[in-house]
Structures are given as structure tokens and as C-alpha cells.
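Notes for the one structure printed next.
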Amino acid sequence: MAKTKAEKGVIIDKLEDAFKTGASSVFVHFSKVTVAEESAMRRALRADGVLYFVAKKTLMRRALQKLGHADETLPLEGEVAVAYGGGEDSTIAARLVHEFGKKFADKLSIIGGIFEGKLVDGVKMQEIAAIPPMATLRAMFAQLLNSPRARFAVVLGQVAEKK
């Protein structure tokens, strides 16, 4: 059933909000994904605060144009969806879609996205997807700060044993 101009306007506004509000929005190309697989993926994404939305490519292009993004760099071909949201963690949408891309080999892939207000290609979004969560980054930083002290304590312990 064809959508009216008002319904299309609502979809464009929803996409525009998704591109503006989320720290990152991921454009996902999917093909041959079963309903069961997509439903499971949507549930898992929703559990982490990420929304997944399928819309027409022309409406996505219009929303991008309204925001001033040149969409020539993104290959919006085939079936395309948008994953966005995730709260404070700006990389969670890309990371989760990347995980599902590994799980559903050759069925799901990242073709680009918007990160920190800039339109980026699929390669850059793949790099962003490889960034660990903020809690992990904080733990890595704490380990980095604690490592020299721990090594120094081990050396002092060895010196005390020898004497």
C-alpha cells in the first residue's frame, strides 16, 4: 500500500531525529535475512537501547539532505536499514550491528553511517565498531596506570627475598 505524503513526512522526521539525536547512526545492508533472525536481532538491539528501522532509500536520502549531508559517498543500494541510539555509548550501535554481521555472514553488513555528526563510509564505521565499550576502555586505562606500580612492587619483593 502506497504511503501518503504526510506519512512519508513523518518517516523523514523520524529518520532526521535518528540522525541528529544519536551519537551514531549505522546504515545496514541486509539481504536474505529471515524474519526469525531479524526479530532476534531487533530484540537484542532493543535490549541495549539501539533502535533498528527500515525505510525507503529515497526517504533516507531526503532526511540526509535536510541535515546537510551529501549522500553521494554512501552506496544506498538494495535493502537498507538504520540502527541508532544506545544512550551514552556512541559506538554501541555500530558494535552490535558488526557482531550480528559476523553471526549472519554475507547477510548483513555495515555500509556507512553518521558518527559525531559526520557522514562516514563503511570502512570507517567498521573501525568505529571495533572500539571497545567505555567501561572496558576505563578498565584498560586503570590497568595502564596501575601496571608500573605493580611491577615496582614485584621488583621490591624480589629484592627483599634476596636480602
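Chain lettering (A, B, ...) mirrors the order of the C-alpha cells, residue numbering begins at 1 for each chain separately, and ligand numbering begins at 1 in order of display.
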All alpha helix (DSSP H) positions in segment 5-114 of chain A, as a PDB file with N, CA and C atoms, in the first residue's frame:
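In the end it all went to out-v7.pdb:
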```
ATOM      1  N   LYS A   5       1.765  11.512   1.414  1.00  0.00           N
ATOM      2  CA  LYS A   5       2.840  12.483   1.610  1.00  0.00           C
ATOM      3  C   LYS A   5       3.037  12.781   3.092  1.00  0.00           C
ATOM      4  N   ALA A   6       1.950  12.813   3.847  1.00  0.00           N
ATOM      5  CA  ALA A   6       2.041  13.074   5.287  1.00  0.00           C
ATOM      6  C   ALA A   6       2.754  11.926   5.998  1.00  0.00           C
ATOM      7  N   GLU A   7       2.453  10.682   5.619  1.00  0.00           N
ATOM      8  CA  GLU A   7       3.117   9.531   6.226  1.00  0.00           C
ATOM      9  C   GLU A   7       4.606   9.529   5.895  1.00  0.00           C
ATOM     10  N   LYS A   8       4.945   9.887   4.672  1.00  0.00           N
ATOM     11  CA  LYS A   8       6.352   9.978   4.285  1.00  0.00           C
ATOM     12  C   LYS A   8       7.054  11.074   5.063  1.00  0.00           C
ATOM     13  N   GLY A   9       6.356  12.186   5.299  1.00  0.00           N
ATOM     14  CA  GLY A   9       6.925  13.280   6.088  1.00  0.00           C
ATOM     15  C   GLY A   9       7.233  12.839   7.511  1.00  0.00           C
ATOM     16  N   VAL A  10       6.355  12.024   8.088  1.00  0.00           N
ATOM     17  CA  VAL A  10       6.579  11.505   9.442  1.00  0.00           C
ATOM     18  C   VAL A  10       7.815  10.607   9.463  1.00  0.00           C
ATOM     19  N   ILE A  11       7.959   9.772   8.434  1.00  0.00           N
ATOM     20  CA  ILE A  11       9.123   8.880   8.358  1.00  0.00           C
ATOM     21  C   ILE A  11      10.404   9.695   8.196  1.00  0.00           C
ATOM     22  N   ILE A  12      10.360  10.713   7.366  1.00  0.00           N
ATOM     23  CA  ILE A  12      11.540  11.574   7.173  1.00  0.00           C
ATOM     24  C   ILE A  12      11.907  12.263   8.480  1.00  0.00           C
ATOM     25  N   ASP A  13      10.908  12.746   9.224  1.00  0.00           N
ATOM     26  CA  ASP A  13      11.176  13.383  10.517  1.00  0.00           C
ATOM     27  C   ASP A  13      11.783  12.391  11.505  1.00  0.00           C
ATOM     28  N   LYS A  14      11.279  11.156  11.492  1.00  0.00           N
ATOM     29  CA  LYS A  14      11.818  10.122  12.383  1.00  0.00           C
ATOM     30  C   LYS A  14      13.278   9.831  12.037  1.00  0.00           C
ATOM     31  N   LEU A  15      13.557   9.711  10.742  1.00  0.00           N
ATOM     32  CA  LEU A  15      14.943   9.481  10.317  1.00  0.00           C
ATOM     33  C   LEU A  15      15.832  10.664  10.664  1.00  0.00           C
ATOM     34  N   GLU A  16      15.322  11.864  10.470  1.00  0.00           N
ATOM     35  CA  GLU A  16      16.087  13.071  10.791  1.00  0.00           C
ATOM     36  C   GLU A  16      16.438  13.105  12.273  1.00  0.00           C
ATOM     37  N   ASP A  17      15.465  12.773  13.133  1.00  0.00           N
ATOM     38  CA  ASP A  17      15.726  12.716  14.569  1.00  0.00           C
ATOM     39  C   ASP A  17      16.757  11.645  14.904  1.00  0.00           C
ATOM     40  N   ALA A  18      16.664  10.506  14.213  1.00  0.00           N
ATOM     41  CA  ALA A  18      17.624   9.425  14.449  1.00  0.00           C
ATOM     42  C   ALA A  18      19.027   9.867  14.075  1.00  0.00           C
ATOM     43  N   PHE A  19      19.159  10.603  12.975  1.00  0.00           N
ATOM     44  CA  PHE A  19      20.477  11.044  12.530  1.00  0.00           C
ATOM     45  C   PHE A  19      21.017  12.160  13.414  1.00  0.00           C
ATOM     46  N   LYS A  20      20.129  12.968  13.978  1.00  0.00           N
ATOM     47  CA  LYS A  20      20.565  14.093  14.813  1.00  0.00           C
ATOM     48  C   LYS A  20      20.844  13.678  16.248  1.00  0.00           C
ATOM     49  N   THR A  21      19.886  12.979  16.869  1.00  0.00           N
ATOM     50  CA  THR A  21      19.966  12.733  18.304  1.00  0.00           C
ATOM     51  C   THR A  21      21.008  11.694  18.675  1.00  0.00           C
ATOM     52  N   VAL A  35      12.917 -13.763   8.906  1.00  0.00           N
ATOM     53  CA  VAL A  35      12.132 -12.997   9.876  1.00  0.00           C
ATOM     54  C   VAL A  35      12.562 -13.352  11.298  1.00  0.00           C
ATOM     55  N   ALA A  36      12.806 -14.606  11.549  1.00  0.00           N
ATOM     56  CA  ALA A  36      13.234 -15.038  12.880  1.00  0.00           C
ATOM     57  C   ALA A  36      14.574 -14.406  13.260  1.00  0.00           C
ATOM     58  N   GLU A  37      15.513 -14.383  12.313  1.00  0.00           N
ATOM     59  CA  GLU A  37      16.830 -13.787  12.584  1.00  0.00           C
ATOM     60  C   GLU A  37      16.698 -12.286  12.844  1.00  0.00           C
ATOM     61  N   GLU A  38      15.889 -11.622  12.023  1.00  0.00           N
ATOM     62  CA  GLU A  38      15.731 -10.180  12.198  1.00  0.00           C
ATOM     63  C   GLU A  38      15.011  -9.854  13.505  1.00  0.00           C
ATOM     64  N   SER A  39      14.023 -10.659  13.868  1.00  0.00           N
ATOM     65  CA  SER A  39      13.316 -10.436  15.132  1.00  0.00           C
ATOM     66  C   SER A  39      14.252 -10.619  16.318  1.00  0.00           C
ATOM     67  N   ALA A  40      15.086 -11.649  16.272  1.00  0.00           N
ATOM     68  CA  ALA A  40      16.057 -11.877  17.343  1.00  0.00           C
ATOM     69  C   ALA A  40      17.047 -10.722  17.419  1.00  0.00           C
ATOM     70  N   MET A  41      17.481 -10.241  16.255  1.00  0.00           N
ATOM     71  CA  MET A  41      18.420  -9.120  16.223  1.00  0.00           C
ATOM     72  C   MET A  41      17.772  -7.862  16.793  1.00  0.00           C
ATOM     73  N   ARG A  42      16.532  -7.575  16.409  1.00  0.00           N
ATOM     74  CA  ARG A  42      15.838  -6.399  16.928  1.00  0.00           C
ATOM     75  C   ARG A  42      15.688  -6.460  18.444  1.00  0.00           C
ATOM     76  N   ARG A  43      15.349  -7.647  18.970  1.00  0.00           N
ATOM     77  CA  ARG A  43      15.209  -7.803  20.425  1.00  0.00           C
ATOM     78  C   ARG A  43      16.535  -7.531  21.128  1.00  0.00           C
ATOM     79  N   ALA A  44      17.611  -8.097  20.583  1.00  0.00           N
ATOM     80  CA  ALA A  44      18.931  -7.894  21.193  1.00  0.00           C
ATOM     81  C   ALA A  44      19.358  -6.431  21.113  1.00  0.00           C
ATOM     82  N   LEU A  45      19.097  -5.784  19.993  1.00  0.00           N
ATOM     83  CA  LEU A  45      19.443  -4.372  19.854  1.00  0.00           C
ATOM     84  C   LEU A  45      18.625  -3.524  20.822  1.00  0.00           C
ATOM     85  N   ARG A  46      17.325  -3.810  20.900  1.00  0.00           N
ATOM     86  CA  ARG A  46      16.439  -3.038  21.772  1.00  0.00           C
ATOM     87  C   ARG A  46      16.837  -3.188  23.237  1.00  0.00           C
ATOM     88  N   ALA A  47      17.336  -4.372  23.625  1.00  0.00           N
ATOM     89  CA  ALA A  47      17.769  -4.601  24.999  1.00  0.00           C
ATOM     90  C   ALA A  47      18.916  -3.672  25.382  1.00  0.00           C
ATOM     91  N   LYS A  57      14.998   4.083   0.640  1.00  0.00           N
ATOM     92  CA  LYS A  57      16.264   4.802   0.436  1.00  0.00           C
ATOM     93  C   LYS A  57      16.031   6.254   0.044  1.00  0.00           C
ATOM     94  N   THR A  58      14.974   6.522  -0.707  1.00  0.00           N
ATOM     95  CA  THR A  58      14.688   7.907  -1.097  1.00  0.00           C
ATOM     96  C   THR A  58      14.356   8.751   0.123  1.00  0.00           C
ATOM     97  N   LEU A  59      13.640   8.165   1.079  1.00  0.00           N
ATOM     98  CA  LEU A  59      13.314   8.904   2.300  1.00  0.00           C
ATOM     99  C   LEU A  59      14.568   9.125   3.148  1.00  0.00           C
ATOM    100  N   MET A  60      15.469   8.139   3.150  1.00  0.00           N
ATOM    101  CA  MET A  60      16.743   8.312   3.869  1.00  0.00           C
ATOM    102  C   MET A  60      17.560   9.430   3.236  1.00  0.00           C
ATOM    103  N   ARG A  61      17.599   9.442   1.902  1.00  0.00           N
ATOM    104  CA  ARG A  61      18.347  10.499   1.206  1.00  0.00           C
ATOM    105  C   ARG A  61      17.754  11.875   1.514  1.00  0.00           C
ATOM    106  N   ARG A  62      16.445  11.968   1.548  1.00  0.00           N
ATOM    107  CA  ARG A  62      15.806  13.252   1.864  1.00  0.00           C
ATOM    108  C   ARG A  62      16.129  13.703   3.278  1.00  0.00           C
ATOM    109  N   ALA A  63      16.113  12.775   4.221  1.00  0.00           N
ATOM    110  CA  ALA A  63      16.460  13.122   5.600  1.00  0.00           C
ATOM    111  C   ALA A  63      17.916  13.568   5.690  1.00  0.00           C
ATOM    112  N   LEU A  64      18.803  12.885   4.959  1.00  0.00           N
ATOM    113  CA  LEU A  64      20.214  13.282   4.947  1.00  0.00           C
ATOM    114  C   LEU A  64      20.391  14.652   4.312  1.00  0.00           C
ATOM    115  N   GLN A  65      19.660  14.923   3.233  1.00  0.00           N
ATOM    116  CA  GLN A  65      19.753  16.222   2.576  1.00  0.00           C
ATOM    117  C   GLN A  65      19.230  17.334   3.484  1.00  0.00           C
ATOM    118  N   LYS A  66      18.183  17.056   4.244  1.00  0.00           N
ATOM    119  CA  LYS A  66      17.657  18.051   5.178  1.00  0.00           C
ATOM    120  C   LYS A  66      18.695  18.429   6.238  1.00  0.00           C
ATOM    121  N   ILE A  92      27.943   1.814  20.398  1.00  0.00           N
ATOM    122  CA  ILE A  92      27.232   0.549  20.628  1.00  0.00           C
ATOM    123  C   ILE A  92      26.431   0.096  19.416  1.00  0.00           C
ATOM    124  N   ALA A  93      25.821   1.016  18.691  1.00  0.00           N
ATOM    125  CA  ALA A  93      25.035   0.619  17.523  1.00  0.00           C
ATOM    126  C   ALA A  93      25.935  -0.044  16.477  1.00  0.00           C
ATOM    127  N   ALA A  94      27.055   0.574  16.189  1.00  0.00           N
ATOM    128  CA  ALA A  94      27.986   0.003  15.209  1.00  0.00           C
ATOM    129  C   ALA A  94      28.550  -1.321  15.702  1.00  0.00           C
ATOM    130  N   ARG A  95      28.876  -1.389  16.983  1.00  0.00           N
ATOM    131  CA  ARG A  95      29.462  -2.607  17.535  1.00  0.00           C
ATOM    132  C   ARG A  95      28.474  -3.778  17.475  1.00  0.00           C
ATOM    133  N   LEU A  96      27.224  -3.536  17.851  1.00  0.00           N
ATOM    134  CA  LEU A  96      26.234  -4.608  17.845  1.00  0.00           C
ATOM    135  C   LEU A  96      25.899  -5.068  16.426  1.00  0.00           C
ATOM    136  N   VAL A  97      25.772  -4.122  15.507  1.00  0.00           N
ATOM    137  CA  VAL A  97      25.495  -4.499  14.114  1.00  0.00           C
ATOM    138  C   VAL A  97      26.677  -5.280  13.547  1.00  0.00           C
ATOM    139  N   HIS A  98      27.879  -4.882  13.911  1.00  0.00           N
ATOM    140  CA  HIS A  98      29.078  -5.603  13.462  1.00  0.00           C
ATOM    141  C   HIS A  98      29.059  -7.048  13.989  1.00  0.00           C
ATOM    142  N   GLU A  99      28.670  -7.227  15.252  1.00  0.00           N
ATOM    143  CA  GLU A  99      28.580  -8.568  15.842  1.00  0.00           C
ATOM    144  C   GLU A  99      27.565  -9.427  15.082  1.00  0.00           C
ATOM    145  N   PHE A 100      26.406  -8.826  14.775  1.00  0.00           N
ATOM    146  CA  PHE A 100      25.402  -9.572  14.025  1.00  0.00           C
ATOM    147  C   PHE A 100      25.866  -9.816  12.588  1.00  0.00           C
ATOM    148  N   GLY A 101      26.661  -8.917  12.047  1.00  0.00           N
ATOM    149  CA  GLY A 101      27.220  -9.128  10.718  1.00  0.00           C
ATOM    150  C   GLY A 101      28.125 -10.348  10.682  1.00  0.00           C
ATOM    151  N   LYS A 102      28.869 -10.572  11.767  1.00  0.00           N
ATOM    152  CA  LYS A 102      29.706 -11.772  11.854  1.00  0.00           C
ATOM    153  C   LYS A 102      28.837 -13.023  11.996  1.00  0.00           C
ATOM    154  N   LYS A 103      27.775 -12.882  12.784  1.00  0.00           N
ATOM    155  CA  LYS A 103      26.885 -14.020  13.039  1.00  0.00           C
ATOM    156  C   LYS A 103      26.112 -14.422  11.780  1.00  0.00           C
TER     157      LYS A 103
END
```
Need the shell around Glu88 of chain A: protein/DNA/RNA residues with any atom at most 12 Å away, counting only C-alpha atoms. Skip same-chain ones fewer than 3 positions apart. Format as a short mmCIF file (atom, residue, chain, number, x, y, z; two decimals) with N, CA and C atoms, in the first residue's frame?
```
data_model
loop_
_atom_site.label_atom_id
_atom_site.label_comp_id
_atom_site.auth_asym_id
_atom_site.auth_seq_id
_atom_site.Cartn_x
_atom_site.Cartn_y
_atom_site.Cartn_z
N THR A 21 19.89 12.98 16.87
CA THR A 21 19.97 12.73 18.30
C THR A 21 21.01 11.69 18.67
N GLY A 22 21.07 10.61 17.94
CA GLY A 22 22.03 9.57 18.29
C GLY A 22 23.45 10.02 17.99
N ALA A 23 24.37 9.64 18.85
CA ALA A 23 25.77 9.97 18.59
C ALA A 23 26.25 9.25 17.35
N SER A 24 25.63 8.11 17.07
CA SER A 24 25.97 7.42 15.83
C SER A 24 24.74 6.72 15.27
N ASP A 48 19.72 -3.27 24.40
CA ASP A 48 20.84 -2.36 24.66
C ASP A 48 20.51 -0.92 24.30
N GLY A 49 19.24 -0.64 24.00
CA GLY A 49 18.83 0.73 23.72
C GLY A 49 19.06 1.18 22.30
N VAL A 50 19.30 0.24 21.40
CA VAL A 50 19.53 0.58 19.99
C VAL A 50 18.26 0.26 19.21
N TYR A 84 20.29 2.97 15.33
CA TYR A 84 20.72 4.20 16.02
C TYR A 84 20.35 4.13 17.49
N GLY A 85 20.95 5.03 18.25
CA GLY A 85 20.66 5.10 19.68
C GLY A 85 21.76 4.46 20.49
N THR A 91 29.30 4.17 20.39
CA THR A 91 29.75 3.14 19.45
C THR A 91 28.92 1.86 19.52
N ILE A 92 27.94 1.81 20.40
CA ILE A 92 27.23 0.55 20.63
C ILE A 92 26.43 0.10 19.42
N ALA A 93 25.82 1.02 18.69
CA ALA A 93 25.03 0.62 17.52
C ALA A 93 25.94 -0.04 16.48
N PRO A 133 33.66 -0.97 24.51
CA PRO A 133 32.75 -0.12 25.28
C PRO A 133 33.52 0.77 26.26
N MET A 134 32.87 1.83 26.71
CA MET A 134 33.51 2.81 27.59
C MET A 134 34.00 2.17 28.88
N ALA A 135 33.25 1.25 29.45
CA ALA A 135 33.67 0.60 30.69
C ALA A 135 34.97 -0.18 30.47
#
```
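In this comparison, which uses only C-alpha atoms, the residue of A:Val80, A:Met140, A:Leu156, A:Leu67 approaching Ile110 of chain A most closely is A:Val80.
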Selection: 7 Å around Asp121 of chain A, only C-alpha atoms, excl. self and same-chain fewer than 6 positions, as a tab-separated table (two decimals) with N, CA and C atoms, in the first residue's frame:
```tsv
chain	number	residue	atom	x	y	z
A	74	LEU	N	27.69	7.48	0.08
A	74	LEU	CA	27.13	6.25	0.60
A	74	LEU	C	26.43	5.45	-0.49
A	111	ILE	N	27.31	-0.39	5.73
A	111	ILE	CA	27.70	0.33	4.51
A	111	ILE	C	28.06	1.78	4.78
A	112	GLY	N	27.92	2.21	6.01
A	112	GLY	CA	28.27	3.58	6.35
A	112	GLY	C	27.49	4.03	7.57
A	113	GLY	N	27.52	5.33	7.80
A	113	GLY	CA	26.77	5.85	8.93
A	113	GLY	C	27.08	7.30	9.22
```
| request: Point out the residue among A:Leu76, A:Val26, A:Met125, A:Val33 with the least atom-to-atom distance to Phe53 of chain A, counting only C-alpha atoms. | output: A:Val26
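Considering only C-alpha atoms, the residue among A:Arg149, A:His29, A:Lys124, A:Lys107 positioned nearest to Ala83 of chain A is A:His29.
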| request: Find the residue from A:Ser31, A:Phe141, A:Phe115, A:Val123 that sits nearest to Asp89 of chain A; use only C-alpha atoms when measuring. | output: A:Phe115
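The coordinates place atom CA of Ala129 of chain A at 16.4 Å from atom CA of Gly117 of chain A.
Residue nearest Tyr52 of chain A within the list A:Ser147, A:Ser25, A:Ser90, A:Thr136: A:Ser25 [criterion: smallest interatomic distance, only C-alpha atoms].
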| said: So that I can check the secondary structure, give me every residue of chain A assigned strand (DSSP E or B) by backbone DSSP, as a PyMOL selection string. | reply: chain A and resi 24-30+50-54+80-85+108-115+118-121
Residues from last step as file, N, CA and C atoms, as a short mmCIF file (atom, residue, chain, number, x, y, z; two decimals), in the first residue's frame:
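Below is the file that was written, again30.cif:
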```cif
data_model
loop_
_atom_site.label_atom_id
_atom_site.label_comp_id
_atom_site.auth_asym_id
_atom_site.auth_seq_id
_atom_site.Cartn_x
_atom_site.Cartn_y
_atom_site.Cartn_z
N SER A 24 25.63 8.11 17.07
CA SER A 24 25.97 7.42 15.83
C SER A 24 24.74 6.72 15.27
N SER A 25 24.67 6.74 13.97
CA SER A 25 23.64 6.00 13.23
C SER A 25 24.37 5.15 12.21
N VAL A 26 23.95 3.91 12.09
CA VAL A 26 24.64 2.96 11.22
C VAL A 26 23.70 2.55 10.10
N PHE A 27 24.18 2.65 8.85
CA PHE A 27 23.41 2.18 7.71
C PHE A 27 23.79 0.73 7.47
N VAL A 28 22.78 -0.12 7.46
CA VAL A 28 22.98 -1.56 7.39
C VAL A 28 22.37 -2.10 6.10
N HIS A 29 23.17 -2.83 5.34
CA HIS A 29 22.66 -3.51 4.15
C HIS A 29 22.35 -4.94 4.57
N PHE A 30 21.13 -5.37 4.30
CA PHE A 30 20.75 -6.73 4.65
C PHE A 30 20.09 -7.40 3.45
N VAL A 50 19.30 0.24 21.40
CA VAL A 50 19.53 0.58 19.99
C VAL A 50 18.26 0.26 19.21
N LEU A 51 17.83 1.21 18.39
CA LEU A 51 16.64 1.02 17.58
C LEU A 51 17.05 0.68 16.15
N TYR A 52 16.25 -0.13 15.50
CA TYR A 52 16.53 -0.61 14.15
C TYR A 52 15.31 -0.27 13.31
N PHE A 53 15.52 0.44 12.21
CA PHE A 53 14.41 0.97 11.42
C PHE A 53 14.69 0.77 9.94
N VAL A 54 13.74 0.19 9.23
CA VAL A 54 13.85 0.00 7.79
C VAL A 54 12.99 1.05 7.11
N VAL A 80 18.14 -1.48 2.82
CA VAL A 80 18.93 -0.69 3.76
C VAL A 80 18.09 -0.38 4.99
N ALA A 81 18.72 -0.49 6.16
CA ALA A 81 18.09 -0.15 7.42
C ALA A 81 19.01 0.78 8.19
N VAL A 82 18.48 1.37 9.25
CA VAL A 82 19.26 2.26 10.09
C VAL A 82 19.19 1.74 11.53
N ALA A 83 20.34 1.62 12.16
CA ALA A 83 20.43 1.30 13.58
C ALA A 83 20.98 2.53 14.28
N TYR A 84 20.29 2.97 15.33
CA TYR A 84 20.72 4.20 16.02
C TYR A 84 20.35 4.13 17.49
N GLY A 85 20.95 5.03 18.25
CA GLY A 85 20.66 5.10 19.68
C GLY A 85 21.76 4.46 20.49
N LEU A 108 24.33 -9.56 6.30
CA LEU A 108 24.22 -8.27 6.96
C LEU A 108 25.58 -7.59 6.93
N SER A 109 25.62 -6.32 6.54
CA SER A 109 26.90 -5.61 6.51
C SER A 109 26.67 -4.12 6.75
N ILE A 110 27.68 -3.47 7.27
CA ILE A 110 27.64 -2.02 7.51
C ILE A 110 28.11 -1.33 6.23
N ILE A 111 27.31 -0.39 5.73
CA ILE A 111 27.70 0.33 4.51
C ILE A 111 28.06 1.78 4.78
N GLY A 112 27.92 2.21 6.01
CA GLY A 112 28.27 3.58 6.35
C GLY A 112 27.49 4.03 7.57
N GLY A 113 27.52 5.33 7.80
CA GLY A 113 26.77 5.85 8.93
C GLY A 113 27.08 7.30 9.22
N ILE A 114 26.53 7.75 10.32
CA ILE A 114 26.79 9.10 10.81
C ILE A 114 27.41 8.94 12.19
N PHE A 115 28.60 9.48 12.37
CA PHE A 115 29.27 9.42 13.66
C PHE A 115 29.70 10.82 14.05
N LYS A 118 29.04 13.55 11.47
CA LYS A 118 29.69 13.48 10.15
C LYS A 118 29.30 12.19 9.45
N LEU A 119 29.09 12.30 8.15
CA LEU A 119 28.78 11.14 7.33
C LEU A 119 30.08 10.39 7.04
N VAL A 120 30.11 9.09 7.38
CA VAL A 120 31.31 8.29 7.17
C VAL A 120 30.97 7.05 6.35
N ASP A 121 31.99 6.48 5.72
CA ASP A 121 31.78 5.31 4.87
C ASP A 121 31.83 4.02 5.70
#
```
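Between atom CA of Thr34 of chain A and atom CA of Phe104 of chain A lies a distance of 10.2 Å.
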